[in-house]
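Right, one structure below, let's go through it.
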Amino acid sequence: ARTMSAGTIMRHLALLTLLAVLPAIAAAPAGARAAVSAAAKTRKVQHMHALHRQMKLPQGMKLEAEDEGEDEDENELPDHVTVFFAIGFAIMALFAVVFLNLALSFNGPGSRQHGPMMHFLAFFVASISVFTYFSMWANTGVMHVEYVGEAEESRVLFPAWYLDWAITIPTILVAIGMVGSWAISSIVITCGSALMMLGTLWFGAATEGAYRYVFFAGGAFFYGLLAFLLFIEVSRGRKVGAQEAGLHAASCYLAIASWGSIPVLWLVGECGTRAASVEVEVVVTAAADVLGKALILLLLVAASTAAQPPPAPS
């Protein structure tokens, strides 16, 4: 009689669990938005009633602020924008399941250089992105900031993306370094450059007035340093197999292109000049992020599979 291995049983359980919770996950953002909106309106009504009692206004008279209750949903992104968060959530959830399945089905103790580690790293990166897009879909990973003294409307910021990138970009760099046999110093310097880029850009987004562009200049500098270091690692051509070297180079080029969209969209989007609308910023950022991560992770998993251990001494 055939018996299923522990890995097969775990894969089946993971897939069944995912199928069981998907309906609840899909309905949660709408429910969260409705709950937040209802709670805000309740607090608004209670506050208005308290003002009525304190000021002893006639029953039919309204305070000017009461009419603002009709615009409670102004700070929520429209559905044609949040749908892209839902698409990103679905795509990254699919990749998370695929990478987890590959990691759990790994059964070659000596056939690959890094074992299932690369598969698990890919799974962790995809899983983080799943919750990032879910939080923005539910409108909890989005901020609406009004700067004091700034006459224009409030700006829309996406802290969930920056938190995601602060974790996933260094993780991806570590994975690329494993494939390309980087020195530890190269991994530390590239990860540090990425974190400095994200930190300066986020502080710039939260800064009022022209001072934000000082932080943008810092973020652009650290992105340039990161791209330069990745080009250097590709050109060094460390002693890896030809197929693995090609996948390593492709991963680096994709990373440079995908992460280059971060400072560019900062400049033309809500954080900077606002030359592009929120819709354009969300669509382009989500596309660059999801496609970049998916392709890079697939290349890294393929490179890990192609890697062969050094031949045993005769």
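Each chain in the structure tokens gets a letter, A, B, ..., in the order shown, and its residues are numbered from 1; ligands are numbered from 1 in order too.
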
Residue neighbourhood Leu94 (chain A), 12 Å, only C-alpha atoms, exclusion window fewer than 2 positions, as a PDB file with N, CA and C atoms, in the first residue's frame:
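This went into around.pdb:
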ATOM      1  N   LEU A  15      -2.676  23.520   1.646  1.00  0.00           N
ATOM      2  CA  LEU A  15      -3.590  23.907   0.574  1.00  0.00           C
ATOM      3  C   LEU A  15      -5.033  23.909   1.054  1.00  0.00           C
ATOM      4  N   LEU A  18      -5.575  26.969   3.170  1.00  0.00           N
ATOM      5  CA  LEU A  18      -5.683  28.165   2.346  1.00  0.00           C
ATOM      6  C   LEU A  18      -7.047  28.262   1.684  1.00  0.00           C
ATOM      7  N   LEU A  19      -7.543  27.160   1.137  1.00  0.00           N
ATOM      8  CA  LEU A  19      -8.863  27.170   0.501  1.00  0.00           C
ATOM      9  C   LEU A  19      -9.964  27.483   1.503  1.00  0.00           C
ATOM     10  N   LEU A  22      -9.636  31.454   2.376  1.00  0.00           N
ATOM     11  CA  LEU A  22      -9.673  32.439   1.302  1.00  0.00           C
ATOM     12  C   LEU A  22     -10.972  33.256   1.265  1.00  0.00           C
ATOM     13  N   ILE A  87      -5.348  42.636  -6.371  1.00  0.00           N
ATOM     14  CA  ILE A  87      -4.635  41.822  -7.367  1.00  0.00           C
ATOM     15  C   ILE A  87      -3.245  41.456  -6.849  1.00  0.00           C
ATOM     16  N   GLY A  88      -2.542  42.435  -6.266  1.00  0.00           N
ATOM     17  CA  GLY A  88      -1.230  42.140  -5.697  1.00  0.00           C
ATOM     18  C   GLY A  88      -1.307  41.104  -4.596  1.00  0.00           C
ATOM     19  N   PHE A  89      -2.323  41.211  -3.760  1.00  0.00           N
ATOM     20  CA  PHE A  89      -2.527  40.227  -2.694  1.00  0.00           C
ATOM     21  C   PHE A  89      -2.717  38.831  -3.270  1.00  0.00           C
ATOM     22  N   ALA A  90      -3.556  38.710  -4.294  1.00  0.00           N
ATOM     23  CA  ALA A  90      -3.841  37.399  -4.879  1.00  0.00           C
ATOM     24  C   ALA A  90      -2.599  36.798  -5.542  1.00  0.00           C
ATOM     25  N   ILE A  91      -1.865  37.624  -6.288  1.00  0.00           N
ATOM     26  CA  ILE A  91      -0.682  37.107  -6.987  1.00  0.00           C
ATOM     27  C   ILE A  91       0.378  36.646  -5.988  1.00  0.00           C
ATOM     28  N   MET A  92       0.655  37.464  -4.982  1.00  0.00           N
ATOM     29  CA  MET A  92       1.680  37.090  -4.014  1.00  0.00           C
ATOM     30  C   MET A  92       1.237  35.904  -3.161  1.00  0.00           C
ATOM     31  N   ALA A  96       3.326  32.533  -2.811  1.00  0.00           N
ATOM     32  CA  ALA A  96       3.666  32.014  -1.483  1.00  0.00           C
ATOM     33  C   ALA A  96       3.331  30.534  -1.385  1.00  0.00           C
ATOM     34  N   VAL A  97       2.171  30.144  -1.903  1.00  0.00           N
ATOM     35  CA  VAL A  97       1.777  28.733  -1.886  1.00  0.00           C
ATOM     36  C   VAL A  97       2.725  27.898  -2.747  1.00  0.00           C
ATOM     37  N   VAL A  98       3.091  28.433  -3.915  1.00  0.00           N
ATOM     38  CA  VAL A  98       3.993  27.696  -4.811  1.00  0.00           C
ATOM     39  C   VAL A  98       5.347  27.486  -4.154  1.00  0.00           C
ATOM     40  N   PHE A  99       5.906  28.541  -3.570  1.00  0.00           N
ATOM     41  CA  PHE A  99       7.230  28.419  -2.951  1.00  0.00           C
ATOM     42  C   PHE A  99       7.198  27.520  -1.718  1.00  0.00           C
ATOM     43  N   LEU A 100       6.111  27.581  -0.958  1.00  0.00           N
ATOM     44  CA  LEU A 100       5.998  26.693   0.200  1.00  0.00           C
ATOM     45  C   LEU A 100       5.910  25.239  -0.247  1.00  0.00           C
ATOM     46  N   ASN A 101       5.158  24.992  -1.314  1.00  0.00           N
ATOM     47  CA  ASN A 101       5.043  23.642  -1.835  1.00  0.00           C
ATOM     48  C   ASN A 101       6.409  23.126  -2.308  1.00  0.00           C
ATOM     49  N   PHE A 123       9.476  32.006  -0.055  1.00  0.00           N
ATOM     50  CA  PHE A 123       8.166  31.900   0.606  1.00  0.00           C
ATOM     51  C   PHE A 123       7.982  33.038   1.609  1.00  0.00           C
ATOM     52  N   ALA A 126       7.375  36.388  -0.252  1.00  0.00           N
ATOM     53  CA  ALA A 126       6.024  36.424  -0.808  1.00  0.00           C
ATOM     54  C   ALA A 126       4.977  36.567   0.293  1.00  0.00           C
ATOM     55  N   SER A 127       5.183  35.912   1.428  1.00  0.00           N
ATOM     56  CA  SER A 127       4.213  35.978   2.528  1.00  0.00           C
ATOM     57  C   SER A 127       4.144  37.380   3.114  1.00  0.00           C
ATOM     58  N   SER A 129       4.705  40.123   1.526  1.00  0.00           N
ATOM     59  CA  SER A 129       3.995  40.944   0.548  1.00  0.00           C
ATOM     60  C   SER A 129       2.501  40.664   0.559  1.00  0.00           C
ATOM     61  N   VAL A 130       2.121  39.428   0.860  1.00  0.00           N
ATOM     62  CA  VAL A 130       0.694  39.103   0.967  1.00  0.00           C
ATOM     63  C   VAL A 130       0.034  39.998   2.006  1.00  0.00           C
ATOM     64  N   VAL A 290       5.297  43.777  -7.580  1.00  0.00           N
ATOM     65  CA  VAL A 290       4.839  42.385  -7.696  1.00  0.00           C
ATOM     66  C   VAL A 290       5.620  41.648  -8.781  1.00  0.00           C
ATOM     67  N   ALA A 294       8.260  38.633  -8.033  1.00  0.00           N
ATOM     68  CA  ALA A 294       7.931  37.317  -8.573  1.00  0.00           C
ATOM     69  C   ALA A 294       9.036  36.804  -9.493  1.00  0.00           C
TER      70      ALA A 294
END

What lies within 7 Å of region 255-272 of chain A using only C-alpha atoms, ignoring chain neighbours under 5 positions off, as a list in words?
-> Arg155, Val156, Leu157, Ala205, Gly219, Ala220, Ala227, Ser277, Val278, Glu281, Ala288, Asp289 and Gly292 of chain A

Generate the output file for the selected residues, N, CA, C and O atoms, as a short mmCIF file (atom, residue, chain, number, x, y, z; two decimals), in the first residue's frame.
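Output file again03.cif is given in full below:
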data_model
loop_
_atom_site.label_atom_id
_atom_site.label_comp_id
_atom_site.auth_asym_id
_atom_site.auth_seq_id
_atom_site.Cartn_x
_atom_site.Cartn_y
_atom_site.Cartn_z
N ARG A 155 -1.91 64.56 1.46
CA ARG A 155 -1.16 63.62 0.63
C ARG A 155 -1.42 62.20 1.10
O ARG A 155 -1.64 61.95 2.29
N VAL A 156 -1.37 61.28 0.16
CA VAL A 156 -1.59 59.87 0.46
C VAL A 156 -0.24 59.17 0.51
O VAL A 156 0.50 59.19 -0.48
N LEU A 157 0.09 58.58 1.66
CA LEU A 157 1.35 57.87 1.83
C LEU A 157 1.06 56.39 2.07
O LEU A 157 -0.02 56.02 2.54
N ALA A 205 9.15 61.68 2.77
CA ALA A 205 7.69 61.66 2.57
C ALA A 205 6.96 62.28 3.74
O ALA A 205 5.90 62.90 3.57
N GLY A 219 18.09 59.62 -0.70
CA GLY A 219 17.56 58.35 -1.18
C GLY A 219 18.05 58.02 -2.58
O GLY A 219 18.39 56.86 -2.87
N ALA A 220 18.09 59.03 -3.45
CA ALA A 220 18.58 58.80 -4.82
C ALA A 220 20.05 58.41 -4.80
O ALA A 220 20.49 57.54 -5.58
N ALA A 227 22.72 50.29 -6.91
CA ALA A 227 22.79 49.82 -8.29
C ALA A 227 24.24 49.61 -8.72
O ALA A 227 24.57 48.62 -9.39
N SER A 277 -0.88 61.12 -10.75
CA SER A 277 -2.01 60.95 -9.85
C SER A 277 -1.77 59.77 -8.91
O SER A 277 -0.86 58.95 -9.13
N VAL A 278 -2.60 59.67 -7.87
CA VAL A 278 -2.49 58.54 -6.95
C VAL A 278 -2.72 57.24 -7.69
O VAL A 278 -2.07 56.23 -7.42
N GLU A 281 0.42 56.26 -9.53
CA GLU A 281 1.45 55.85 -8.58
C GLU A 281 1.18 54.45 -8.05
O GLU A 281 2.09 53.61 -7.96
N ALA A 288 5.51 47.18 -10.57
CA ALA A 288 6.96 47.02 -10.44
C ALA A 288 7.31 46.14 -9.25
O ALA A 288 8.22 45.31 -9.32
N ASP A 289 6.58 46.29 -8.17
CA ASP A 289 6.87 45.52 -6.96
C ASP A 289 6.52 44.05 -7.14
O ASP A 289 7.35 43.16 -6.89
N GLY A 292 8.51 42.47 -10.13
CA GLY A 292 9.92 42.38 -9.77
C GLY A 292 10.18 41.27 -8.77
O GLY A 292 11.08 40.45 -8.97
#

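For the choices A:Val145, A:Val83, A:Ala103, A:Leu230, the atom-to-atom distance to Ile187 (chain A) is smallest for A:Leu230 when using only C-alpha atoms.
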
What separation in Å, quoted to one decimal, exists between CA of Tyr211 (chain A) and CA of Phe158 (chain A)?
-> 19.5 Å

Tell me which of A:His119, A:Arg236, A:Leu195, A:Met178 sits closest to Phe222 (chain A), counting only C-alpha atoms.
-> A:Leu195

Output as a ChimeraX atom specification all residues of region 98-182 of chain A that backbone DSSP marks as strand (DSSP E).
-> /A:143-145,155-157
